[in-house]
Structures are given as structure tokens and as C-alpha cells.
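Undergrad: I am attaching a structure below and will ask some questions about it afterwards.
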Amino acid sequence: MKRYLHALAATCLIPLLCLSCDDFFALNTDDTLTEDQNYTELAELTSGFIGVAATFHDVVDHTVIISGLMGDLMTPTTNASDDYWDIFNYEVKANNSVASPAPYYRTIIACNDFLRHALEFNAEKPGLIDENTFHSMLAEVIRYRIWCYLTLGKIYNEAVYFDFSISDKIDLKKCPVWDLDKIVEQSILMMEQGVLGIDLTLQLNWNLVIKGTTESWNLRGIHPLALEGELYLWGKQYDKALWTLMAFVASNSRYVMADIPAASRNTTWKSNINSNSSTEMVTAMPYSATYNQKNMLPYYFSNVAPNLYYLAPTGRLREMYSHSTNEDFYRRQATLGEENGQNVIAKYHAVGAPSREYNTAIPVYRVADLYLMIAEAHNKLRLFGENIDGDYREIAMCFINSGLKTYWNSSNFKQPFGNTALYSTTLQGNAGIRGRIGAGNVNWRNLLPADPTPAQTMRLIDSLIVNETALECAYEGKRWFTLLRMARYWNDPAFIADVVSQKVTGANRDAIRQRLMDASNWFIKYEHLQVMN
């Protein structure tokens, strides 16, 4: 009988660095808790819940690596196996262990099993756990599952959908296979209508469950508004995306990006995106070497022994930083580095440090990421005619450049919905994605042709959002997916092919471009059922 990893909290203690690459991406659903067993004590329920979050560590690492290889900012090194190179070249073969969707299904299986046993536990021992806390735990777990399915769709354009515990009596071949659009459609319905009577917008105070006192625990949960906002973007519901994301960032001054003093821009910007206590983090996977939780990305990115140095930056990102206004010095210094005469991705470790004891968190959603989505939503809104459409474009670039801080009181500023709550006074201090780091404004109007059409303006701003996603969110699992979403919106393979093919030179560039002109190559083809059998 297939069984779920009940004591999944122990996975936090597994010495992952002793595993081979194949082991790291493997799926194993066999452990101690069978289908006919159940939690008997509250401590077991808590352990099972933390165990679900433990499986999510592998998912986040995997997403950064796979999306990085499919995009234009990351390349395998000569140390890497053919599996990495095949992803990079969009020629994934059967049984490619690196490209396997196993980590996502491992978490989905963990979520489904927890839900089953948690509901049975609560029915058998009602009142043992506070109802609001219990419902919030279930909501967190269901959001993990939704995020995994959304990411499966973004990488593979399909997923085997099941929302029950796996047993030998279940034939997974009879489960529906959803494509990306179906995943987005159904996920939006779940977020709006709830699942099992559970409101999926509920947020859990993790400290009530694990008896802790730090904010870093709460970062582990998939923030409902961030997830819902992203789903609306994929579903082309741009008005809902804007309302959801703007309401969130305007709700708390914590989410308003303020100026970073010039003297500390390098260290502050880097610490803001990978610190367990960062105020910019919305959802992240924190790590603690004390508990043998180790961020695996430096293991692949660093070339200081005993790290492996499988993955390196392409020359593309360094070139983009150099051509950016003010050369984008601070973000470049905090993202790229050099070790032993070779270029390395330095976002998650200190350059030259030999230790594998990395505590740096990996962002899933952070404030700058939300503002990039807000800019995208503004750029796509077309509700009230072309004049107001132009105002939307203006505001989209405002969030990318110097923010509402310098724009709020100008004669150009208009609130498209005429609603002061949406453009809250809380945002008056917003310095913009580029403004807060002193990167200078993008003079986007100078890039437009004479008498541009609304479509030309929208497409240019989309391309600038894609560029800013690279400069701000490199190696966070964002750049490729943003390109993918926009290429699908414009129904134009050249939008993605022209950009990503620049990661290689010579004859290889044309070969990559031709592959990407076929939209089917935007996704990895993989036999999903084989990883669950």
C-alpha cells in the first residue's frame, strides 16, 4: 500500500548534502503512516503539518533551478550532467532526473494525506484544537497544493489532478490531466469559493502551532493574496489582480518599498531578499543550519569546495546590469560574483565562503515581486477607453521607476477607479522598485515609436517589466514565468524566443530561437504517472 511520510518533520533533519543529485529530486511516498491509521495526539497533528512544509523546501529549490535553466540567466557548467544541459536546450529526454515533477507531487501527496488524517482527527477529538487555528492550518495546506499545481502547469503545461490520499485501490490513470489554463481556472474557483468549507484566505499564526515567537515561521505559508493575485494574472483577470495585490500592499506600511540609503544599498538589498527576518519577504522558505535545514542553491552555485558548481550565470544578466541606468551597481554586486576566477551566482551565499551551512531564505513571494505584478496588471487594464488606458500605463511605469513618492501629487497622477482606498495614502512613501535602490528611471517614452498605438505601448511596457524582473528577481524563479505569461498573452512566440535565445552565441542562438518559436517547447514533456508508481 502506498503510504505517506507521516513524520515528515524528520525530512528537515535529513543530511541532504550527502545525497546525489538524483536522490535530491527523487520521489518516495513510502514511510510509516498507512491509509487506515490516523493521528492520535495533537503533537502528531502538528508534526504532520510541519512535515508538509518540510517537503516544500525541495519544491522551491527545484523551481528556481528548472525555471532558471529554461530562461536566459542561468547556464549549466562543465561539471553538470547532460540532464541539466538538456533542460537548457529544450531537449529533455525521458527519465531526466533533474526535470522530474516528483517534488511537486511529493508535496501534493503530503497535503492530501494531512487533510484526510487531520479531518478525521478533529472529528474524533472535537475541540482539542481551536477551530480557527485548525481551519487556518487546513487553508495553508490547500494553498501549498494549489501553488504546486500552478507551478506544475507553468513548467509542464499539465498535471495529474487528485485531491485524495493515494492507496493501492486508486488508479491514477483515471484521474483528470489538467493543462495550465484548467489549473488556473480551477485554482481561482478554489481561492474564491473555498475547499471543504474552508475559507482559503485564512492566514495561520504559525507560532500558535509550533509554540514559537518569531515572524520567520509565518513566512512559510503561501500568502493567500499573493497567490490569488498571481492566479488572476495567469487567468487574464487583470482588474481582480490589481484589486487583490493593491489592497494587500496598501494595507500595511511594511509592504511599502522605501529608499535604501546609498551607503548600505548593497548589503541591505541582498539581506532584504534572503533574510529570514526581512520585511520585504511575503512567503519564503527559511533555513537554519542549527536544525540541519540547508539551502541547497549555493551547493549548485558556488565553486568553492566542497560545493559542486553545476550552475552559473550567463553573460546576459551582467550585460543587462551594465546597460541599465546607473549601471545598476548595487543589485549586480549582490547577485553576481566571482570565485576562483569564474563567474558565480552569489545571491544566496557569501562569495568565497567554503561552508555549506547556508541560512539564507529563498523567496517565493516578496514585495518587489508583488509590485512587478501590480505593474503588469495596470498595463493590461482596458476598461474605460484609451485615455484612461494611458493613465494605467503611466502608473505601471511609476511602480517600476521612482514609485508613488514622486508621482502622487503630480498633475499626471490619476486613480483609474476613482477609489482612494486602492491607492492608499500608505503608498505615498513608495519609492519604486528602481527608485529605492538608486537605479534611475527607465525613460520609457523615448523607446516608443512616433504616435504609438495602445498595443505598442502595452507591449513595450511588458518588455520593460520582463527586463526589470531579471534585474530585480534573478534566480528567484520569476523571469522565465513572466516571459511565458506575456508570450501567451501576446500569442507571439517571438516575444520569448527573441529574448531567451540571447543566452547563447553563434549558431546555437538561431537553433534555440527556432525551438522556442514552437510554443510546445516552452514546457517540459514528462510522463507524470511514472513518478507516482
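Going by the C-alpha cells order, chains are called A, B, ..., each with residues numbered from 1, while ligands are numbered from 1 in the order shown.
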Tell me, as a list in words, which residues lie within 10 Å of Pro101 of chain A, counting only C-alpha atoms; anything in the same chain fewer than 3 positions away does not count.
TA: Phe25, Ala26, Leu27, Val59, His62, Thr63, Ser97, Val98, Tyr104, Tyr105, Arg106, Cys148, Thr151, Leu152, Ile155, Tyr156, Ala159, Ile524, Tyr526, Glu527, His528, Leu529, Gln530, Val531 and Met532 of chain A
Undergrad: What parts of segment 189-259 of chain A does DSSP call alpha helix (DSSP H)? I'd like the answer as a ChimeraX atom specification.
TA: /A:189-193,206-210,224-234,238-249
Undergrad: Please produce a file of the residues just selected, as an mmCIF file, in the first residue's frame, where the atoms kept are N, CA and C atoms.
TA:
```
data_model
loop_
_atom_site.group_PDB
_atom_site.id
_atom_site.type_symbol
_atom_site.label_atom_id
_atom_site.label_comp_id
_atom_site.auth_asym_id
_atom_site.auth_seq_id
_atom_site.Cartn_x
_atom_site.Cartn_y
_atom_site.Cartn_z
ATOM 1 N N LEU A 189 -11.248 29.323 -8.725
ATOM 2 C CA LEU A 189 -12.510 28.942 -8.096
ATOM 3 C C LEU A 189 -12.294 28.497 -6.655
ATOM 4 N N MET A 190 -11.238 27.735 -6.419
ATOM 5 C CA MET A 190 -10.953 27.277 -5.052
ATOM 6 C C MET A 190 -10.649 28.451 -4.142
ATOM 7 N N MET A 191 -9.820 29.384 -4.628
ATOM 8 C CA MET A 191 -9.467 30.534 -3.797
ATOM 9 C C MET A 191 -10.693 31.405 -3.512
ATOM 10 N N GLU A 192 -11.592 31.519 -4.474
ATOM 11 C CA GLU A 192 -12.760 32.374 -4.291
ATOM 12 C C GLU A 192 -13.863 31.699 -3.483
ATOM 13 N N GLN A 193 -14.037 30.385 -3.667
ATOM 14 C CA GLN A 193 -15.184 29.697 -3.074
ATOM 15 C C GLN A 193 -14.814 28.822 -1.879
ATOM 16 N N TRP A 206 1.600 30.803 12.714
ATOM 17 C CA TRP A 206 2.341 29.556 12.911
ATOM 18 C C TRP A 206 2.842 29.394 14.342
ATOM 19 N N ASN A 207 3.070 30.484 15.023
ATOM 20 C CA ASN A 207 3.597 30.384 16.380
ATOM 21 C C ASN A 207 2.599 29.720 17.328
ATOM 22 N N LEU A 208 1.298 29.779 16.988
ATOM 23 C CA LEU A 208 0.311 29.088 17.797
ATOM 24 C C LEU A 208 0.429 27.578 17.645
ATOM 25 N N VAL A 209 0.975 27.134 16.512
ATOM 26 C CA VAL A 209 1.090 25.700 16.246
ATOM 27 C C VAL A 209 2.400 25.146 16.775
ATOM 28 N N ILE A 210 3.494 25.870 16.498
ATOM 29 C CA ILE A 210 4.818 25.335 16.854
ATOM 30 C C ILE A 210 5.331 25.923 18.171
ATOM 31 N N PRO A 224 -2.181 34.138 0.957
ATOM 32 C CA PRO A 224 -3.362 33.967 0.093
ATOM 33 C C PRO A 224 -3.516 35.065 -0.950
ATOM 34 N N LEU A 225 -3.239 36.324 -0.593
ATOM 35 C CA LEU A 225 -3.449 37.415 -1.541
ATOM 36 C C LEU A 225 -2.379 37.420 -2.628
ATOM 37 N N ALA A 226 -1.158 37.050 -2.280
ATOM 38 C CA ALA A 226 -0.110 36.957 -3.294
ATOM 39 C C ALA A 226 -0.434 35.852 -4.293
ATOM 40 N N LEU A 227 -0.848 34.692 -3.790
ATOM 41 C CA LEU A 227 -1.203 33.574 -4.663
ATOM 42 C C LEU A 227 -2.404 33.921 -5.524
ATOM 43 N N GLU A 228 -3.425 34.509 -4.912
ATOM 44 C CA GLU A 228 -4.637 34.851 -5.660
ATOM 45 C C GLU A 228 -4.325 35.893 -6.733
ATOM 46 N N GLY A 229 -3.505 36.887 -6.388
ATOM 47 C CA GLY A 229 -3.136 37.900 -7.368
ATOM 48 C C GLY A 229 -2.409 37.313 -8.554
ATOM 49 N N GLU A 230 -1.478 36.382 -8.294
ATOM 50 C CA GLU A 230 -0.771 35.740 -9.410
ATOM 51 C C GLU A 230 -1.724 34.910 -10.259
ATOM 52 N N LEU A 231 -2.624 34.187 -9.620
ATOM 53 C CA LEU A 231 -3.586 33.379 -10.370
ATOM 54 C C LEU A 231 -4.433 34.262 -11.298
ATOM 55 N N TYR A 232 -4.849 35.418 -10.806
ATOM 56 C CA TYR A 232 -5.642 36.324 -11.641
ATOM 57 C C TYR A 232 -4.836 36.804 -12.851
ATOM 58 N N LEU A 233 -3.532 37.030 -12.673
ATOM 59 C CA LEU A 233 -2.712 37.419 -13.825
ATOM 60 C C LEU A 233 -2.688 36.311 -14.865
ATOM 61 N N TRP A 234 -2.457 35.076 -14.424
ATOM 62 C CA TRP A 234 -2.444 33.951 -15.365
ATOM 63 C C TRP A 234 -3.817 33.759 -16.003
ATOM 64 N N TYR A 238 -7.357 40.968 -14.988
ATOM 65 C CA TYR A 238 -6.413 41.975 -14.535
ATOM 66 C C TYR A 238 -7.018 42.948 -13.524
ATOM 67 N N ASP A 239 -8.330 43.197 -13.626
ATOM 68 C CA ASP A 239 -8.949 44.061 -12.630
ATOM 69 C C ASP A 239 -8.909 43.412 -11.255
ATOM 70 N N LYS A 240 -9.200 42.117 -11.189
ATOM 71 C CA LYS A 240 -9.147 41.404 -9.905
ATOM 72 C C LYS A 240 -7.715 41.298 -9.397
ATOM 73 N N ALA A 241 -6.778 41.083 -10.303
ATOM 74 C CA ALA A 241 -5.374 41.017 -9.894
ATOM 75 C C ALA A 241 -4.953 42.328 -9.247
ATOM 76 N N LEU A 242 -5.349 43.442 -9.870
ATOM 77 C CA LEU A 242 -4.965 44.753 -9.342
ATOM 78 C C LEU A 242 -5.610 45.013 -7.990
ATOM 79 N N TRP A 243 -6.915 44.760 -7.882
ATOM 80 C CA TRP A 243 -7.600 44.986 -6.618
ATOM 81 C C TRP A 243 -6.970 44.157 -5.503
ATOM 82 N N THR A 244 -6.682 42.886 -5.791
ATOM 83 C CA THR A 244 -6.154 41.985 -4.764
ATOM 84 C C THR A 244 -4.769 42.417 -4.307
ATOM 85 N N LEU A 245 -3.872 42.652 -5.261
ATOM 86 C CA LEU A 245 -2.489 42.972 -4.920
ATOM 87 C C LEU A 245 -2.361 44.368 -4.326
ATOM 88 N N MET A 246 -3.093 45.347 -4.885
ATOM 89 C CA MET A 246 -3.013 46.700 -4.354
ATOM 90 C C MET A 246 -3.597 46.770 -2.943
ATOM 91 N N ALA A 247 -4.695 46.079 -2.724
ATOM 92 C CA ALA A 247 -5.288 46.080 -1.385
ATOM 93 C C ALA A 247 -4.312 45.508 -0.367
ATOM 94 N N PHE A 248 -3.542 44.518 -0.789
ATOM 95 C CA PHE A 248 -2.577 43.893 0.113
ATOM 96 C C PHE A 248 -1.427 44.840 0.440
ATOM 97 N N VAL A 249 -0.764 45.378 -0.598
ATOM 98 C CA VAL A 249 0.427 46.198 -0.337
ATOM 99 C C VAL A 249 0.062 47.530 0.318
#
```
Undergrad: What lies within 10 Å of segment 513-520 of chain A using only C-alpha atoms, ignoring chain neighbours under 5 positions off, as a list in words?
TA: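 Skipping anything fewer than 5 positions along the chain leaves Asn89, Tyr90, Glu91, Tyr156, Asn157, Leu484, Ala487, Arg488, Asn491, Asp492, Pro493, Ala494, Phe495, Ile496, Ala497, Asp498, Val499, Val500, Ser501, Gln502, Val504, Asn508 and Lys525 of chain A.
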Undergrad: Export, as a PDB file, in the first residue's frame, the selected residues with N, CA and C atoms.
TA:
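Written file, part.pdb:
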```pdb
ATOM      1  N   ASN A  89      18.659  23.389 -23.225  1.00  0.00           N
ATOM      2  CA  ASN A  89      18.495  23.379 -24.685  1.00  0.00           C
ATOM      3  C   ASN A  89      17.100  22.969 -25.133  1.00  0.00           C
ATOM      4  N   TYR A  90      16.156  22.766 -24.182  1.00  0.00           N
ATOM      5  CA  TYR A  90      14.765  22.402 -24.508  1.00  0.00           C
ATOM      6  C   TYR A  90      14.705  21.077 -25.263  1.00  0.00           C
ATOM      7  N   GLU A  91      15.518  20.119 -24.811  1.00  0.00           N
ATOM      8  CA  GLU A  91      15.570  18.793 -25.430  1.00  0.00           C
ATOM      9  C   GLU A  91      15.543  17.712 -24.352  1.00  0.00           C
ATOM     10  N   TYR A 156       5.277  22.261 -16.941  1.00  0.00           N
ATOM     11  CA  TYR A 156       4.985  21.084 -17.774  1.00  0.00           C
ATOM     12  C   TYR A 156       3.729  21.250 -18.635  1.00  0.00           C
ATOM     13  N   ASN A 157       2.955  22.293 -18.374  1.00  0.00           N
ATOM     14  CA  ASN A 157       1.677  22.522 -19.048  1.00  0.00           C
ATOM     15  C   ASN A 157       0.693  21.392 -18.827  1.00  0.00           C
ATOM     16  N   LEU A 484       6.927  33.737 -20.058  1.00  0.00           N
ATOM     17  CA  LEU A 484       5.939  32.768 -20.535  1.00  0.00           C
ATOM     18  C   LEU A 484       4.536  33.355 -20.502  1.00  0.00           C
ATOM     19  N   ALA A 487       4.267  36.055 -23.293  1.00  0.00           N
ATOM     20  CA  ALA A 487       4.265  35.492 -24.641  1.00  0.00           C
ATOM     21  C   ALA A 487       2.915  34.854 -24.943  1.00  0.00           C
ATOM     22  N   ARG A 488       2.320  34.228 -23.939  1.00  0.00           N
ATOM     23  CA  ARG A 488       0.990  33.644 -24.122  1.00  0.00           C
ATOM     24  C   ARG A 488      -0.059  34.742 -24.295  1.00  0.00           C
ATOM     25  N   ASN A 491       0.293  36.036 -27.703  1.00  0.00           N
ATOM     26  CA  ASN A 491       0.185  34.962 -28.698  1.00  0.00           C
ATOM     27  C   ASN A 491       1.280  35.103 -29.750  1.00  0.00           C
ATOM     28  N   ASP A 492       2.497  35.337 -29.272  1.00  0.00           N
ATOM     29  CA  ASP A 492       3.613  35.622 -30.169  1.00  0.00           C
ATOM     30  C   ASP A 492       4.863  34.920 -29.655  1.00  0.00           C
ATOM     31  N   PRO A 493       5.256  33.801 -30.262  1.00  0.00           N
ATOM     32  CA  PRO A 493       6.462  33.095 -29.819  1.00  0.00           C
ATOM     33  C   PRO A 493       7.716  33.955 -29.855  1.00  0.00           C
ATOM     34  N   ALA A 494       7.747  34.949 -30.736  1.00  0.00           N
ATOM     35  CA  ALA A 494       8.941  35.792 -30.835  1.00  0.00           C
ATOM     36  C   ALA A 494       9.184  36.577 -29.551  1.00  0.00           C
ATOM     37  N   PHE A 495       8.119  36.851 -28.781  1.00  0.00           N
ATOM     38  CA  PHE A 495       8.280  37.600 -27.536  1.00  0.00           C
ATOM     39  C   PHE A 495       9.233  36.876 -26.604  1.00  0.00           C
ATOM     40  N   ILE A 496       9.138  35.545 -26.589  1.00  0.00           N
ATOM     41  CA  ILE A 496      10.003  34.764 -25.709  1.00  0.00           C
ATOM     42  C   ILE A 496      11.268  34.300 -26.446  1.00  0.00           C
ATOM     43  N   ALA A 497      11.142  33.956 -27.719  1.00  0.00           N
ATOM     44  CA  ALA A 497      12.274  33.406 -28.469  1.00  0.00           C
ATOM     45  C   ALA A 497      13.371  34.434 -28.683  1.00  0.00           C
ATOM     46  N   ASP A 498      12.994  35.662 -28.995  1.00  0.00           N
ATOM     47  CA  ASP A 498      13.993  36.702 -29.263  1.00  0.00           C
ATOM     48  C   ASP A 498      14.806  37.034 -28.014  1.00  0.00           C
ATOM     49  N   VAL A 499      14.156  36.953 -26.858  1.00  0.00           N
ATOM     50  CA  VAL A 499      14.840  37.285 -25.605  1.00  0.00           C
ATOM     51  C   VAL A 499      15.718  36.144 -25.132  1.00  0.00           C
ATOM     52  N   VAL A 500      15.153  34.958 -25.034  1.00  0.00           N
ATOM     53  CA  VAL A 500      15.850  33.853 -24.381  1.00  0.00           C
ATOM     54  C   VAL A 500      16.987  33.303 -25.240  1.00  0.00           C
ATOM     55  N   SER A 501      16.844  33.387 -26.554  1.00  0.00           N
ATOM     56  CA  SER A 501      17.916  32.872 -27.425  1.00  0.00           C
ATOM     57  C   SER A 501      19.225  33.634 -27.227  1.00  0.00           C
ATOM     58  N   GLN A 502      19.160  34.820 -26.629  1.00  0.00           N
ATOM     59  CA  GLN A 502      20.370  35.597 -26.400  1.00  0.00           C
ATOM     60  C   GLN A 502      21.258  35.015 -25.304  1.00  0.00           C
ATOM     61  N   VAL A 504      22.771  32.298 -25.547  1.00  0.00           N
ATOM     62  CA  VAL A 504      23.871  31.605 -26.221  1.00  0.00           C
ATOM     63  C   VAL A 504      24.351  32.467 -27.393  1.00  0.00           C
ATOM     64  N   ASN A 508      24.319  28.437 -32.223  1.00  0.00           N
ATOM     65  CA  ASN A 508      23.417  27.924 -31.188  1.00  0.00           C
ATOM     66  C   ASN A 508      22.259  28.874 -30.927  1.00  0.00           C
ATOM     67  N   LYS A 525       8.245  18.133 -21.433  1.00  0.00           N
ATOM     68  CA  LYS A 525       7.399  16.958 -21.647  1.00  0.00           C
ATOM     69  C   LYS A 525       7.889  15.848 -20.719  1.00  0.00           C
TER      70      LYS A 525
END
```
Undergrad: I want to know what sits within 9 Å of Met320 of chain A, based on only C-alpha atoms, with residues of the same chain fewer than 4 positions away left out; could you give that as a list in words?
TA: Gly315, Arg316, Ser324, Glu327, Asp328, Asn467, Ala470 and Leu471 of chain A
Undergrad: Let me see the file: selected residues, N, CA and C atoms, as an mmCIF file, in the first residue's frame.
TA:
```cif
data_model
loop_
_atom_site.group_PDB
_atom_site.id
_atom_site.type_symbol
_atom_site.label_atom_id
_atom_site.label_comp_id
_atom_site.auth_asym_id
_atom_site.auth_seq_id
_atom_site.Cartn_x
_atom_site.Cartn_y
_atom_site.Cartn_z
ATOM 1 N N GLY A 315 26.206 35.318 -19.457
ATOM 2 C CA GLY A 315 26.693 36.684 -19.592
ATOM 3 C C GLY A 315 25.573 37.683 -19.783
ATOM 4 N N ARG A 316 24.390 37.176 -20.031
ATOM 5 C CA ARG A 316 23.237 38.011 -20.346
ATOM 6 C C ARG A 316 22.888 38.967 -19.206
ATOM 7 N N SER A 324 21.806 49.030 -17.820
ATOM 8 C CA SER A 324 20.758 49.684 -17.056
ATOM 9 C C SER A 324 21.244 51.064 -16.608
ATOM 10 N N GLU A 327 24.159 51.828 -14.294
ATOM 11 C CA GLU A 327 24.799 50.513 -14.337
ATOM 12 C C GLU A 327 24.253 49.532 -13.304
ATOM 13 N N ASP A 328 23.210 49.933 -12.567
ATOM 14 C CA ASP A 328 22.559 49.024 -11.610
ATOM 15 C C ASP A 328 23.589 48.346 -10.710
ATOM 16 N N ASN A 467 12.252 42.866 -18.301
ATOM 17 C CA ASN A 467 13.624 43.259 -18.009
ATOM 18 C C ASN A 467 13.825 43.515 -16.516
ATOM 19 N N ALA A 470 14.164 40.469 -14.435
ATOM 20 C CA ALA A 470 15.517 39.904 -14.464
ATOM 21 C C ALA A 470 16.439 40.644 -13.507
ATOM 22 N N LEU A 471 16.421 41.964 -13.557
ATOM 23 C CA LEU A 471 17.334 42.762 -12.746
ATOM 24 C C LEU A 471 17.022 42.655 -11.257
#
```
Undergrad: Using DSSP secondary structure from the backbone, list all strand (DSSP E) positions within segment 78-269 of chain A, as an MDAnalysis selection string.
TA: chainID A and resid 159:160 177:178
Undergrad: What is the distance between atom CA of Arg145 of chain A and atom CA of Asp181 of chain A, in Å to one decimal?
TA: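 One can read the atom CA of Arg145 of chain A to atom CA of Asp181 of chain A distance as 16.5 Å.
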Undergrad: Counting only C-alpha atoms, which of A:Ile273, A:Ala258, A:Ile108, A:Ala377 gets nearest to Gly432 of chain A?
TA: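 Smallest separation from Gly432 of chain A among the options: A:Ala258.
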Undergrad: Could you pull the residues within 9 Å of Thr75 of chain A, counting only C-alpha atoms, minus those fewer than 3 positions along the same chain, as a ChimeraX atom specification?
TA: /A:68-69,72,84-85,88,310-314,503
Undergrad: For a quick check of understanding, using only C-alpha atoms, which of A:Ala474, A:Ile362, A:Leu115, A:Leu370 has the smallest distance to Met296 of chain A?
TA: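 Nearest candidate to Met296 of chain A out of A:Ala474, A:Ile362, A:Leu115, A:Leu370: A:Ile362.
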Undergrad: At a cut-off of 7 Å, using only C-alpha atoms, what residues contact Gln333 of chain A? Leave out same-chain residues fewer than 4 positions from it and give the result as a PyMOL selection string.
TA: chain A and resi 266+329+337
Undergrad: Write out, as a PDB file, in the first residue's frame, the residues just selected, with C-alpha atoms.
TA:
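And here's part_10.pdb as it stands now:
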```pdb
ATOM      1  CA  ASN A 266      24.451  46.557  -1.483  1.00  0.00           C
ATOM      2  CA  PHE A 329      25.646  48.607  -9.456  1.00  0.00           C
ATOM      3  CA  GLY A 337      30.189  37.375  -8.060  1.00  0.00           C
TER       4      GLY A 337
END
```
Undergrad: Which of these, A:Ala54, A:Leu138, A:Ile170, A:Ile374, has the shortest distance to Tyr392 of chain A once you count only C-alpha atoms?
TA: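 Among the listed residues, the smallest separation from Tyr392 of chain A belongs to A:Ile374.
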Undergrad: Which of these, A:Asn359, A:Ala94, A:Val64, A:Cys398, has the shortest distance to Thr290 of chain A once you count only C-alpha atoms?
TA: A:Asn359
Undergrad: Smallest atom-to-atom distance to Thr107 of chain A: which of A:Val52, A:Leu119, A:Leu460, A:Ile87, using only C-alpha atoms?
TA: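 For Thr107 of chain A, the nearest of the candidates is A:Val52.
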Undergrad: Within 8 Å of Gly440 of chain A, counting only C-alpha atoms, which residues show up once you throw out same-chain ones fewer than 6 positions away? Write them as a list in words, please.
TA: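 Near Gly440 of chain A, the qualifying residues are Thr325, Asn326, Asn401, Ser402 and Arg434 of chain A.
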Undergrad: With C-alpha atoms retained, write the just-selected residues as an mmCIF file, in the first residue's frame.
TA:
```
data_model
loop_
_atom_site.group_PDB
_atom_site.id
_atom_site.type_symbol
_atom_site.label_atom_id
_atom_site.label_comp_id
_atom_site.auth_asym_id
_atom_site.auth_seq_id
_atom_site.Cartn_x
_atom_site.Cartn_y
_atom_site.Cartn_z
ATOM 1 C CA THR A 325 20.647 53.286 -15.869
ATOM 2 C CA ASN A 326 23.479 53.972 -13.367
ATOM 3 C CA ASN A 401 10.653 53.635 -11.592
ATOM 4 C CA SER A 402 10.513 56.006 -8.628
ATOM 5 C CA ARG A 434 14.276 51.066 -9.138
#
```
